[in-house]
file model_14.csv (CSV, C-alpha atoms)
chain,number,residue,atom,x,y,z
A,31,MET,CA,0.6,-10.6,-38.3
A,32,ASP,CA,0.1,-7.4,-36.5
A,33,SER,CA,0.4,-9.2,-33.1
A,34,VAL,CA,3.6,-10.8,-34.2
A,35,LEU,CA,5.1,-7.4,-35.0
A,36,LEU,CA,3.8,-5.9,-31.8
A,37,ILE,CA,5.1,-8.7,-29.5
A,38,GLY,CA,8.3,-9.0,-31.5
A,39,GLY,CA,8.9,-5.2,-31.0
A,40,LEU,CA,8.2,-5.6,-27.3
A,41,VAL,CA,10.7,-8.5,-27.0
A,42,VAL,CA,13.4,-6.5,-28.8
A,43,ALA,CA,12.7,-3.5,-26.6
A,44,LEU,CA,12.9,-5.6,-23.4
A,45,THR,CA,16.0,-7.3,-24.6
A,46,VAL,CA,17.6,-3.9,-25.1
A,47,VAL,CA,16.6,-2.9,-21.6
A,48,ALA,CA,18.0,-6.1,-20.1
A,49,LEU,CA,21.3,-5.6,-22.0
A,50,TRP,CA,21.4,-2.0,-20.7
A,51,GLN,CA,20.7,-3.2,-17.1
A,52,GLY,CA,23.1,-6.0,-16.9
A,53,GLY,CA,24.6,-7.0,-20.2
A,54,ALA,CA,24.3,-10.2,-22.1
A,55,ALA,CA,24.0,-12.3,-18.9
A,56,ARG,CA,20.8,-10.3,-17.9
A,57,ALA,CA,19.3,-10.6,-21.4
A,58,PHE,CA,20.1,-14.4,-21.5
A,59,GLU,CA,18.5,-14.8,-18.1
A,60,GLY,CA,15.3,-13.2,-19.4
A,61,TRP,CA,15.3,-15.4,-22.5
A,62,GLU,CA,16.0,-18.5,-20.4
A,63,ARG,CA,13.0,-17.7,-18.1
A,64,GLY,CA,10.8,-17.2,-21.1
A,65,GLY,CA,11.9,-20.6,-22.4
A,66,GLN,CA,11.1,-22.2,-19.1
A,67,ILE,CA,7.6,-20.7,-19.1
A,68,ALA,CA,7.1,-21.8,-22.7
A,69,TRP,CA,8.2,-25.3,-22.0
A,70,SER,CA,5.9,-25.6,-19.0
A,71,VAL,CA,2.8,-24.5,-21.0
A,72,LEU,CA,3.7,-26.3,-24.2
A,73,PRO,CA,1.8,-29.5,-23.4
A,74,ASN,CA,-1.4,-27.5,-22.7
A,75,LEU,CA,-1.0,-25.5,-25.8
A,76,VAL,CA,-0.4,-28.5,-28.0
A,77,LEU,CA,-3.4,-30.4,-26.5
A,78,GLY,CA,-5.6,-27.3,-26.8
A,79,PHE,CA,-4.8,-26.9,-30.5
A,80,ALA,CA,-5.2,-30.7,-31.0
A,81,ALA,CA,-8.6,-30.6,-29.4
A,82,ALA,CA,-9.7,-27.6,-31.5
A,83,GLY,CA,-8.5,-29.4,-34.7
A,84,LEU,CA,-10.3,-32.5,-33.7
A,85,ILE,CA,-13.5,-30.7,-33.0
A,86,ALA,CA,-13.2,-28.9,-36.4
A,87,THR,CA,-12.7,-32.3,-38.0
A,88,VAL,CA,-15.4,-34.3,-36.1
A,89,VAL,CA,-18.2,-31.8,-35.9
A,90,PRO,CA,-19.6,-31.0,-39.3
A,91,PRO,CA,-19.5,-27.4,-40.4
A,92,SER,CA,-23.2,-27.6,-41.1
A,93,LEU,CA,-23.8,-28.4,-37.4
A,94,ILE,CA,-21.6,-25.5,-36.2
A,95,GLY,CA,-23.1,-23.1,-38.7
A,96,GLY,CA,-26.7,-24.2,-37.9
A,97,ALA,CA,-26.2,-23.9,-34.1
A,98,LEU,CA,-23.9,-20.8,-34.0
A,99,GLY,CA,-23.9,-19.3,-37.5
A,100,ASP,CA,-25.3,-16.0,-38.8
A,101,GLU,CA,-28.8,-17.3,-39.0
A,102,SER,CA,-28.9,-18.9,-35.5
A,103,GLY,CA,-30.2,-15.7,-33.9
A,104,MET,CA,-31.1,-15.7,-30.2
A,105,ARG,CA,-30.9,-19.5,-30.1
A,106,GLY,CA,-27.2,-19.4,-31.2
A,107,LEU,CA,-26.5,-16.8,-28.5
A,108,ILE,CA,-28.2,-18.9,-25.8
A,109,ILE,CA,-26.4,-22.1,-26.9
A,110,ALA,CA,-23.0,-20.2,-26.9
A,111,THR,CA,-23.7,-18.7,-23.5
A,112,VAL,CA,-24.6,-22.0,-21.9
A,113,ALA,CA,-21.6,-23.7,-23.5
A,114,GLY,CA,-19.4,-20.9,-22.2
A,115,ILE,CA,-20.8,-21.3,-18.7
A,116,LEU,CA,-20.3,-25.1,-18.7
A,117,THR,CA,-17.0,-25.4,-20.6
A,118,PRO,CA,-14.0,-25.9,-18.3
A,119,GLY,CA,-10.4,-25.2,-19.2
A,120,GLY,CA,-8.2,-22.2,-19.6
A,121,PRO,CA,-7.2,-20.1,-22.6
A,122,PHE,CA,-5.1,-22.8,-24.1
A,123,LEU,CA,-8.3,-24.7,-24.9
A,124,GLN,CA,-10.8,-21.8,-25.3
A,125,PHE,CA,-9.1,-19.7,-27.9
A,126,PRO,CA,-8.1,-22.5,-30.3
A,127,LEU,CA,-11.7,-23.9,-29.8
A,128,VAL,CA,-13.2,-20.5,-30.7
A,129,ALA,CA,-10.9,-20.2,-33.7
A,130,ALA,CA,-12.0,-23.7,-34.9
A,131,LEU,CA,-15.6,-22.8,-34.4
A,132,ALA,CA,-15.2,-19.6,-36.4
A,133,LYS,CA,-13.6,-21.6,-39.3
A,134,GLY,CA,-16.4,-24.0,-39.0
A,135,GLY,CA,-19.1,-21.4,-39.6
A,136,ALA,CA,-19.8,-19.9,-36.2
A,137,ALA,CA,-20.7,-16.2,-36.3
A,138,PRO,CA,-19.0,-13.4,-34.3
A,139,GLY,CA,-22.0,-12.8,-32.0
A,140,PRO,CA,-22.2,-16.4,-30.6
A,141,LEU,CA,-18.4,-16.6,-30.4
A,142,ALA,CA,-18.3,-13.4,-28.4
A,143,ALA,CA,-21.2,-14.6,-26.2
A,144,TYR,CA,-19.3,-17.9,-25.6
A,145,LEU,CA,-16.0,-16.1,-24.6
A,146,THR,CA,-17.9,-13.7,-22.4
A,147,ALA,CA,-19.8,-16.4,-20.6
A,148,TRP,CA,-16.6,-18.5,-20.2
A,149,SER,CA,-14.6,-15.6,-18.8
A,150,LEU,CA,-17.4,-14.0,-16.6
A,151,ILE,CA,-19.6,-16.8,-15.3
A,152,SER,CA,-17.9,-20.1,-15.9
A,153,VAL,CA,-19.5,-22.6,-13.5
A,154,ASN,CA,-16.2,-24.2,-12.9
A,155,ARG,CA,-14.6,-21.0,-11.7
A,156,VAL,CA,-17.7,-20.2,-9.6
A,157,ILE,CA,-17.7,-23.5,-7.8
A,158,VAL,CA,-13.9,-23.8,-7.3
A,159,TRP,CA,-13.1,-20.2,-6.5
A,160,GLU,CA,-15.9,-17.7,-6.1
A,161,LEU,CA,-18.3,-19.6,-3.8
A,162,PRO,CA,-15.7,-20.8,-1.3
A,163,LEU,CA,-13.8,-17.5,-1.2
A,164,LEU,CA,-16.5,-14.9,-1.5
A,165,GLY,CA,-19.6,-16.7,-0.3
A,166,SER,CA,-23.0,-17.4,-1.9
A,167,GLY,CA,-24.6,-13.9,-1.5
A,168,PHE,CA,-21.8,-12.2,-3.5
A,169,THR,CA,-21.6,-15.0,-6.0
A,170,VAL,CA,-25.3,-15.2,-6.7
A,171,ALA,CA,-25.6,-11.5,-7.1
A,172,ARG,CA,-22.6,-11.1,-9.4
A,173,TRP,CA,-23.7,-14.2,-11.4
A,174,ALA,CA,-27.2,-12.9,-11.8
A,175,ILE,CA,-26.0,-9.4,-12.9
A,176,SER,CA,-23.5,-11.0,-15.3
A,177,LEU,CA,-25.9,-13.5,-16.9
A,178,ALA,CA,-27.3,-11.0,-19.4
A,179,LEU,CA,-23.9,-9.7,-20.6
A,180,PRO,CA,-22.9,-12.6,-22.9
A,181,ILE,CA,-26.3,-12.2,-24.8
A,182,LEU,CA,-25.9,-8.4,-24.9
A,183,ILE,CA,-22.3,-8.6,-26.2
A,184,GLY,CA,-23.4,-11.3,-28.7
A,185,LEU,CA,-26.1,-9.0,-30.0
A,186,ALA,CA,-23.8,-6.0,-30.2
A,187,MET,CA,-20.9,-7.8,-31.8
A,188,PRO,CA,-22.2,-7.9,-35.4
A,189,VAL,CA,-23.2,-4.2,-35.2
A,190,VAL,CA,-19.8,-3.2,-33.9
A,191,MET,CA,-18.0,-5.4,-36.4
A,192,ARG,CA,-19.8,-3.7,-39.3
A,193,LEU,CA,-18.7,-0.3,-38.1
A,194,LEU,CA,-15.0,-1.3,-37.9
A,195,PRO,CA,-12.7,-1.1,-40.9
A,196,ARG,CA,-11.6,-4.5,-42.2
call {"tool": "encode", "arguments": {"input": "model_14.csv", "output": "structure tokens"}}
result
Amino acid sequence: MDSVLLIGGLVVALTVVALWQGGAARAFEGWERGGQIAWSVLPNLVLGFAAAGLIATVVPPSLIGGALGDESGMRGLIIATVAGILTPGGPFLQFPLVAALAKGGAAPGPLAAYLTAWSLISVNRVIVWELPLLGSGFTVARWAISLALPILIGLAMPVVMRLLPR
């Protein structure tokens, strides 16, 4: 709910700025552009949530909890890291998937390891973008340095979460 209030406040503030800059026509233009963007990403968003819901339905919570739950330890962090490295797709798939895994019993550490691996060292991104544009020397060095980060973040996540107020 906090994010809805934050984003809603931002939208109101930007609408006021648009009205100040050019009246209702300027504000309408901004809302229209936002609608076009929303319409263009809607199919991916719907499919991402559908995939997450189907995973939550098809994969038993006992399997999710066993592989990625609180008791999974280092094995869960490694599974999550490898899955993050290998899973293609953008945020429309990843965040609904992580939310479904969390509801299915995955612990914060493996979830953080998964997201970190996906965002830092996704093999899809490395093959499609980094290798061709930056070369193998840079890519291998960055990948090797980054490989430990998902595990380290996964280990730190439960500690940090215990320190934060709920």
call {"tool": "atom_distance", "arguments": {"input": "model_14.csv", "atom1": "atom CA of Gly139 of chain A", "atom2": "atom CA of Leu194 of chain A"}}
result
14.7 Å
call {"tool": "residues_near_point", "arguments": {"input": "model_14.csv", "point": "(-7.8, -26.7, -39.5)", "cutoff": "8 Å", "atoms": "all atoms listed in the file", "output": "PyMOL selection string"}}
result
chain A and resi 83+86-87+130+133
call {"tool": "atom_distance", "arguments": {"input": "model_14.csv", "atom1": "atom CA of Asp100 of chain A", "atom2": "atom CA of Gly120 of chain A"}}
result
26.4 Å
call {"tool": "closest_atom_pairs", "arguments": {"input": "model_14.csv", "of": "segment 58-124 of chain A", "to": "segment 141-145 of chain A", "cutoff": "12 Å", "atoms": "all atoms listed in the file", "output": "JSON lines"}}
result
{"residue": "A:Ile94", "atom": "CA", "partner": "A:Leu141", "partner_atom": "CA", "distance": 11.1}
{"residue": "A:Gly95", "atom": "CA", "partner": "A:Leu141", "partner_atom": "CA", "distance": 11.5}
{"residue": "A:Ala97", "atom": "CA", "partner": "A:Leu141", "partner_atom": "CA", "distance": 11.3}
{"residue": "A:Leu98", "atom": "CA", "partner": "A:Leu141", "partner_atom": "CA", "distance": 7.8}
{"residue": "A:Gly99", "atom": "CA", "partner": "A:Leu141", "partner_atom": "CA", "distance": 9.4}
{"residue": "A:Asp100", "atom": "CA", "partner": "A:Leu141", "partner_atom": "CA", "distance": 10.9}
{"residue": "A:Ser102", "atom": "CA", "partner": "A:Leu141", "partner_atom": "CA", "distance": 11.9}
{"residue": "A:Gly103", "atom": "CA", "partner": "A:Ala143", "partner_atom": "CA", "distance": 11.9}
{"residue": "A:Met104", "atom": "CA", "partner": "A:Ala143", "partner_atom": "CA", "distance": 10.7}
{"residue": "A:Arg105", "atom": "CA", "partner": "A:Ala143", "partner_atom": "CA", "distance": 11.5}
{"residue": "A:Gly106", "atom": "CA", "partner": "A:Ala143", "partner_atom": "CA", "distance": 9.2}
{"residue": "A:Leu107", "atom": "CA", "partner": "A:Ala143", "partner_atom": "CA", "distance": 6.2}
{"residue": "A:Ile108", "atom": "CA", "partner": "A:Ala143", "partner_atom": "CA", "distance": 8.2}
{"residue": "A:Ile109", "atom": "CA", "partner": "A:Tyr144", "partner_atom": "CA", "distance": 8.4}
{"residue": "A:Ala110", "atom": "CA", "partner": "A:Tyr144", "partner_atom": "CA", "distance": 4.5}
{"residue": "A:Thr111", "atom": "CA", "partner": "A:Tyr144", "partner_atom": "CA", "distance": 4.9}
{"residue": "A:Val112", "atom": "CA", "partner": "A:Tyr144", "partner_atom": "CA", "distance": 7.7}
{"residue": "A:Ala113", "atom": "CA", "partner": "A:Tyr144", "partner_atom": "CA", "distance": 6.6}
{"residue": "A:Gly114", "atom": "CA", "partner": "A:Tyr144", "partner_atom": "CA", "distance": 4.5}
{"residue": "A:Ile115", "atom": "CA", "partner": "A:Tyr144", "partner_atom": "CA", "distance": 7.8}
{"residue": "A:Leu116", "atom": "CA", "partner": "A:Tyr144", "partner_atom": "CA", "distance": 10.0}
{"residue": "A:Thr117", "atom": "CA", "partner": "A:Tyr144", "partner_atom": "CA", "distance": 9.3}
{"residue": "A:Pro118", "atom": "CA", "partner": "A:Leu145", "partner_atom": "CA", "distance": 11.8}
{"residue": "A:Gly119", "atom": "CA", "partner": "A:Leu145", "partner_atom": "CA", "distance": 12.0}
{"residue": "A:Gly120", "atom": "CA", "partner": "A:Leu145", "partner_atom": "CA", "distance": 11.1}
{"residue": "A:Pro121", "atom": "CA", "partner": "A:Leu145", "partner_atom": "CA", "distance": 9.9}
{"residue": "A:Leu123", "atom": "CA", "partner": "A:Leu145", "partner_atom": "CA", "distance": 11.5}
{"residue": "A:Gln124", "atom": "CA", "partner": "A:Leu145", "partner_atom": "CA", "distance": 7.7}
call {"tool": "write_last_selection", "arguments": {"input": "model_14.csv", "atoms": "C-alpha atoms", "output": "mmCIF file, in the frame of the given file"}}
result
data_model
loop_
_atom_site.group_PDB
_atom_site.id
_atom_site.type_symbol
_atom_site.label_atom_id
_atom_site.label_comp_id
_atom_site.auth_asym_id
_atom_site.auth_seq_id
_atom_site.Cartn_x
_atom_site.Cartn_y
_atom_site.Cartn_z
ATOM 1 C CA ILE A 94 -21.600 -25.500 -36.200
ATOM 2 C CA GLY A 95 -23.100 -23.100 -38.700
ATOM 3 C CA ALA A 97 -26.200 -23.900 -34.100
ATOM 4 C CA LEU A 98 -23.900 -20.800 -34.000
ATOM 5 C CA GLY A 99 -23.900 -19.300 -37.500
ATOM 6 C CA ASP A 100 -25.300 -16.000 -38.800
ATOM 7 C CA SER A 102 -28.900 -18.900 -35.500
ATOM 8 C CA GLY A 103 -30.200 -15.700 -33.900
ATOM 9 C CA MET A 104 -31.100 -15.700 -30.200
ATOM 10 C CA ARG A 105 -30.900 -19.500 -30.100
ATOM 11 C CA GLY A 106 -27.200 -19.400 -31.200
ATOM 12 C CA LEU A 107 -26.500 -16.800 -28.500
ATOM 13 C CA ILE A 108 -28.200 -18.900 -25.800
ATOM 14 C CA ILE A 109 -26.400 -22.100 -26.900
ATOM 15 C CA ALA A 110 -23.000 -20.200 -26.900
ATOM 16 C CA THR A 111 -23.700 -18.700 -23.500
ATOM 17 C CA VAL A 112 -24.600 -22.000 -21.900
ATOM 18 C CA ALA A 113 -21.600 -23.700 -23.500
ATOM 19 C CA GLY A 114 -19.400 -20.900 -22.200
ATOM 20 C CA ILE A 115 -20.800 -21.300 -18.700
ATOM 21 C CA LEU A 116 -20.300 -25.100 -18.700
ATOM 22 C CA THR A 117 -17.000 -25.400 -20.600
ATOM 23 C CA PRO A 118 -14.000 -25.900 -18.300
ATOM 24 C CA GLY A 119 -10.400 -25.200 -19.200
ATOM 25 C CA GLY A 120 -8.200 -22.200 -19.600
ATOM 26 C CA PRO A 121 -7.200 -20.100 -22.600
ATOM 27 C CA LEU A 123 -8.300 -24.700 -24.900
ATOM 28 C CA GLN A 124 -10.800 -21.800 -25.300
#
call {"tool": "atom_distance", "arguments": {"input": "model_14.csv", "atom1": "atom CA of Gly134 of chain A", "atom2": "atom CA of Leu84 of chain A"}}
result
11.7 Å
call {"tool": "closest_residue", "arguments": {"input": "model_14.csv", "among": "A:Trp61, A:Pro138, A:Thr169, A:Asn74", "to": "Met191 of chain A", "atoms": "all atoms listed in the file"}}
result
A:Pro138
call {"tool": "residues_around", "arguments": {"input": "model_14.csv", "residues": "segment 55-58 of chain A", "least_positions_apart": "6", "cutoff": "12 Å", "atoms": "only C-alpha atoms", "output": "PyMOL selection string"}}
result
chain A and resi 41-49+64-65
call {"tool": "write_last_selection", "arguments": {"input": "model_14.csv", "atoms": "C-alpha atoms", "output": "JSON list (two decimals), in the frame of the given file"}}
result
[["chain", "number", "residue", "atom", "x", "y", "z"],
["A", 41, "VAL", "CA", 10.70, -8.50, -27.00],
["A", 42, "VAL", "CA", 13.40, -6.50, -28.80],
["A", 43, "ALA", "CA", 12.70, -3.50, -26.60],
["A", 44, "LEU", "CA", 12.90, -5.60, -23.40],
["A", 45, "THR", "CA", 16.00, -7.30, -24.60],
["A", 46, "VAL", "CA", 17.60, -3.90, -25.10],
["A", 47, "VAL", "CA", 16.60, -2.90, -21.60],
["A", 48, "ALA", "CA", 18.00, -6.10, -20.10],
["A", 49, "LEU", "CA", 21.30, -5.60, -22.00],
["A", 64, "GLY", "CA", 10.80, -17.20, -21.10],
["A", 65, "GLY", "CA", 11.90, -20.60, -22.40]]
call {"tool": "residues_around", "arguments": {"input": "model_14.csv", "residues": "Trp173 of chain A", "least_positions_apart": "2", "cutoff": "10 Å", "atoms": "only C-alpha atoms", "output": "ChimeraX atom specification"}}
result
/A:150-153,156,167-171,175-178
call {"tool": "closest_residue", "arguments": {"input": "model_14.csv", "among": "A:Pro126, A:Val158, A:Arg172, A:Ala132", "to": "Phe79 of chain A", "atoms": "all atoms listed in the file"}}
result
A:Pro126
call {"tool": "decode", "arguments": {"input": "model_14.csv", "residues": "segment 148-173 of chain A", "atoms": "N, CA and C atoms", "output": "PDB file, in the first residue's frame"}}
result
ATOM      1  N   TRP A 148      19.866 -13.133 -11.441  1.00  0.00           N
ATOM      2  CA  TRP A 148      19.136 -12.775 -12.659  1.00  0.00           C
ATOM      3  C   TRP A 148      19.539 -11.389 -13.146  1.00  0.00           C
ATOM      4  N   SER A 149      19.671 -10.439 -12.222  1.00  0.00           N
ATOM      5  CA  SER A 149      19.957  -9.076 -12.662  1.00  0.00           C
ATOM      6  C   SER A 149      21.430  -8.837 -12.966  1.00  0.00           C
ATOM      7  N   LEU A 150      22.332  -9.581 -12.340  1.00  0.00           N
ATOM      8  CA  LEU A 150      23.766  -9.339 -12.545  1.00  0.00           C
ATOM      9  C   LEU A 150      24.419 -10.247 -13.576  1.00  0.00           C
ATOM     10  N   ILE A 151      24.052 -11.517 -13.575  1.00  0.00           N
ATOM     11  CA  ILE A 151      24.827 -12.475 -14.379  1.00  0.00           C
ATOM     12  C   ILE A 151      23.956 -13.421 -15.188  1.00  0.00           C
ATOM     13  N   SER A 152      22.807 -12.955 -15.598  1.00  0.00           N
ATOM     14  CA  SER A 152      21.925 -13.759 -16.437  1.00  0.00           C
ATOM     15  C   SER A 152      22.653 -14.173 -17.720  1.00  0.00           C
ATOM     16  N   VAL A 153      22.683 -15.455 -17.979  1.00  0.00           N
ATOM     17  CA  VAL A 153      23.392 -15.954 -19.163  1.00  0.00           C
ATOM     18  C   VAL A 153      22.764 -15.405 -20.446  1.00  0.00           C
ATOM     19  N   ASN A 154      21.470 -15.207 -20.445  1.00  0.00           N
ATOM     20  CA  ASN A 154      20.788 -14.649 -21.607  1.00  0.00           C
ATOM     21  C   ASN A 154      21.336 -13.255 -21.933  1.00  0.00           C
ATOM     22  N   ARG A 155      21.432 -12.410 -20.921  1.00  0.00           N
ATOM     23  CA  ARG A 155      21.937 -11.052 -21.120  1.00  0.00           C
ATOM     24  C   ARG A 155      23.413 -11.069 -21.512  1.00  0.00           C
ATOM     25  N   VAL A 156      24.178 -11.978 -20.904  1.00  0.00           N
ATOM     26  CA  VAL A 156      25.608 -12.074 -21.216  1.00  0.00           C
ATOM     27  C   VAL A 156      25.813 -12.455 -22.684  1.00  0.00           C
ATOM     28  N   ILE A 157      25.064 -13.447 -23.155  1.00  0.00           N
ATOM     29  CA  ILE A 157      25.237 -13.934 -24.523  1.00  0.00           C
ATOM     30  C   ILE A 157      24.728 -12.922 -25.546  1.00  0.00           C
ATOM     31  N   VAL A 158      23.566 -12.336 -25.278  1.00  0.00           N
ATOM     32  CA  VAL A 158      22.944 -11.445 -26.257  1.00  0.00           C
ATOM     33  C   VAL A 158      23.599 -10.066 -26.280  1.00  0.00           C
ATOM     34  N   TRP A 159      23.996  -9.546 -25.114  1.00  0.00           N
ATOM     35  CA  TRP A 159      24.468  -8.162 -25.050  1.00  0.00           C
ATOM     36  C   TRP A 159      25.941  -8.011 -24.693  1.00  0.00           C
ATOM     37  N   GLU A 160      26.329  -8.594 -23.595  1.00  0.00           N
ATOM     38  CA  GLU A 160      27.646  -8.275 -23.055  1.00  0.00           C
ATOM     39  C   GLU A 160      28.798  -8.831 -23.885  1.00  0.00           C
ATOM     40  N   LEU A 161      28.746 -10.107 -24.215  1.00  0.00           N
ATOM     41  CA  LEU A 161      29.830 -10.685 -25.023  1.00  0.00           C
ATOM     42  C   LEU A 161      30.002  -9.971 -26.363  1.00  0.00           C
ATOM     43  N   PRO A 162      28.928  -9.805 -27.132  1.00  0.00           N
ATOM     44  CA  PRO A 162      29.110  -9.154 -28.429  1.00  0.00           C
ATOM     45  C   PRO A 162      29.561  -7.692 -28.334  1.00  0.00           C
ATOM     46  N   LEU A 163      29.093  -6.976 -27.323  1.00  0.00           N
ATOM     47  CA  LEU A 163      29.382  -5.543 -27.257  1.00  0.00           C
ATOM     48  C   LEU A 163      30.645  -5.207 -26.463  1.00  0.00           C
ATOM     49  N   LEU A 164      30.965  -6.012 -25.457  1.00  0.00           N
ATOM     50  CA  LEU A 164      32.085  -5.675 -24.578  1.00  0.00           C
ATOM     51  C   LEU A 164      33.249  -6.654 -24.659  1.00  0.00           C
ATOM     52  N   GLY A 165      33.041  -7.778 -25.328  1.00  0.00           N
ATOM     53  CA  GLY A 165      34.125  -8.735 -25.519  1.00  0.00           C
ATOM     54  C   GLY A 165      34.261  -9.738 -24.383  1.00  0.00           C
ATOM     55  N   SER A 166      34.993 -10.801 -24.662  1.00  0.00           N
ATOM     56  CA  SER A 166      35.091 -11.902 -23.707  1.00  0.00           C
ATOM     57  C   SER A 166      35.931 -11.563 -22.485  1.00  0.00           C
ATOM     58  N   GLY A 167      37.002 -10.798 -22.646  1.00  0.00           N
ATOM     59  CA  GLY A 167      37.846 -10.474 -21.492  1.00  0.00           C
ATOM     60  C   GLY A 167      37.066  -9.740 -20.419  1.00  0.00           C
ATOM     61  N   PHE A 168      36.376  -8.682 -20.798  1.00  0.00           N
ATOM     62  CA  PHE A 168      35.568  -7.910 -19.854  1.00  0.00           C
ATOM     63  C   PHE A 168      34.455  -8.772 -19.273  1.00  0.00           C
ATOM     64  N   THR A 169      33.769  -9.511 -20.141  1.00  0.00           N
ATOM     65  CA  THR A 169      32.616 -10.295 -19.707  1.00  0.00           C
ATOM     66  C   THR A 169      33.022 -11.370 -18.711  1.00  0.00           C
ATOM     67  N   VAL A 170      34.068 -12.114 -19.011  1.00  0.00           N
ATOM     68  CA  VAL A 170      34.507 -13.181 -18.108  1.00  0.00           C
ATOM     69  C   VAL A 170      34.950 -12.594 -16.770  1.00  0.00           C
ATOM     70  N   ALA A 171      35.687 -11.489 -16.794  1.00  0.00           N
ATOM     71  CA  ALA A 171      36.152 -10.868 -15.547  1.00  0.00           C
ATOM     72  C   ALA A 171      34.974 -10.380 -14.710  1.00  0.00           C
ATOM     73  N   ARG A 172      34.033  -9.681 -15.329  1.00  0.00           N
ATOM     74  CA  ARG A 172      32.881  -9.175 -14.580  1.00  0.00           C
ATOM     75  C   ARG A 172      32.025 -10.303 -14.045  1.00  0.00           C
ATOM     76  N   TRP A 173      31.838 -11.324 -14.861  1.00  0.00           N
ATOM     77  CA  TRP A 173      31.021 -12.469 -14.468  1.00  0.00           C
ATOM     78  C   TRP A 173      31.670 -13.195 -13.293  1.00  0.00           C
TER      79      TRP A 173
END
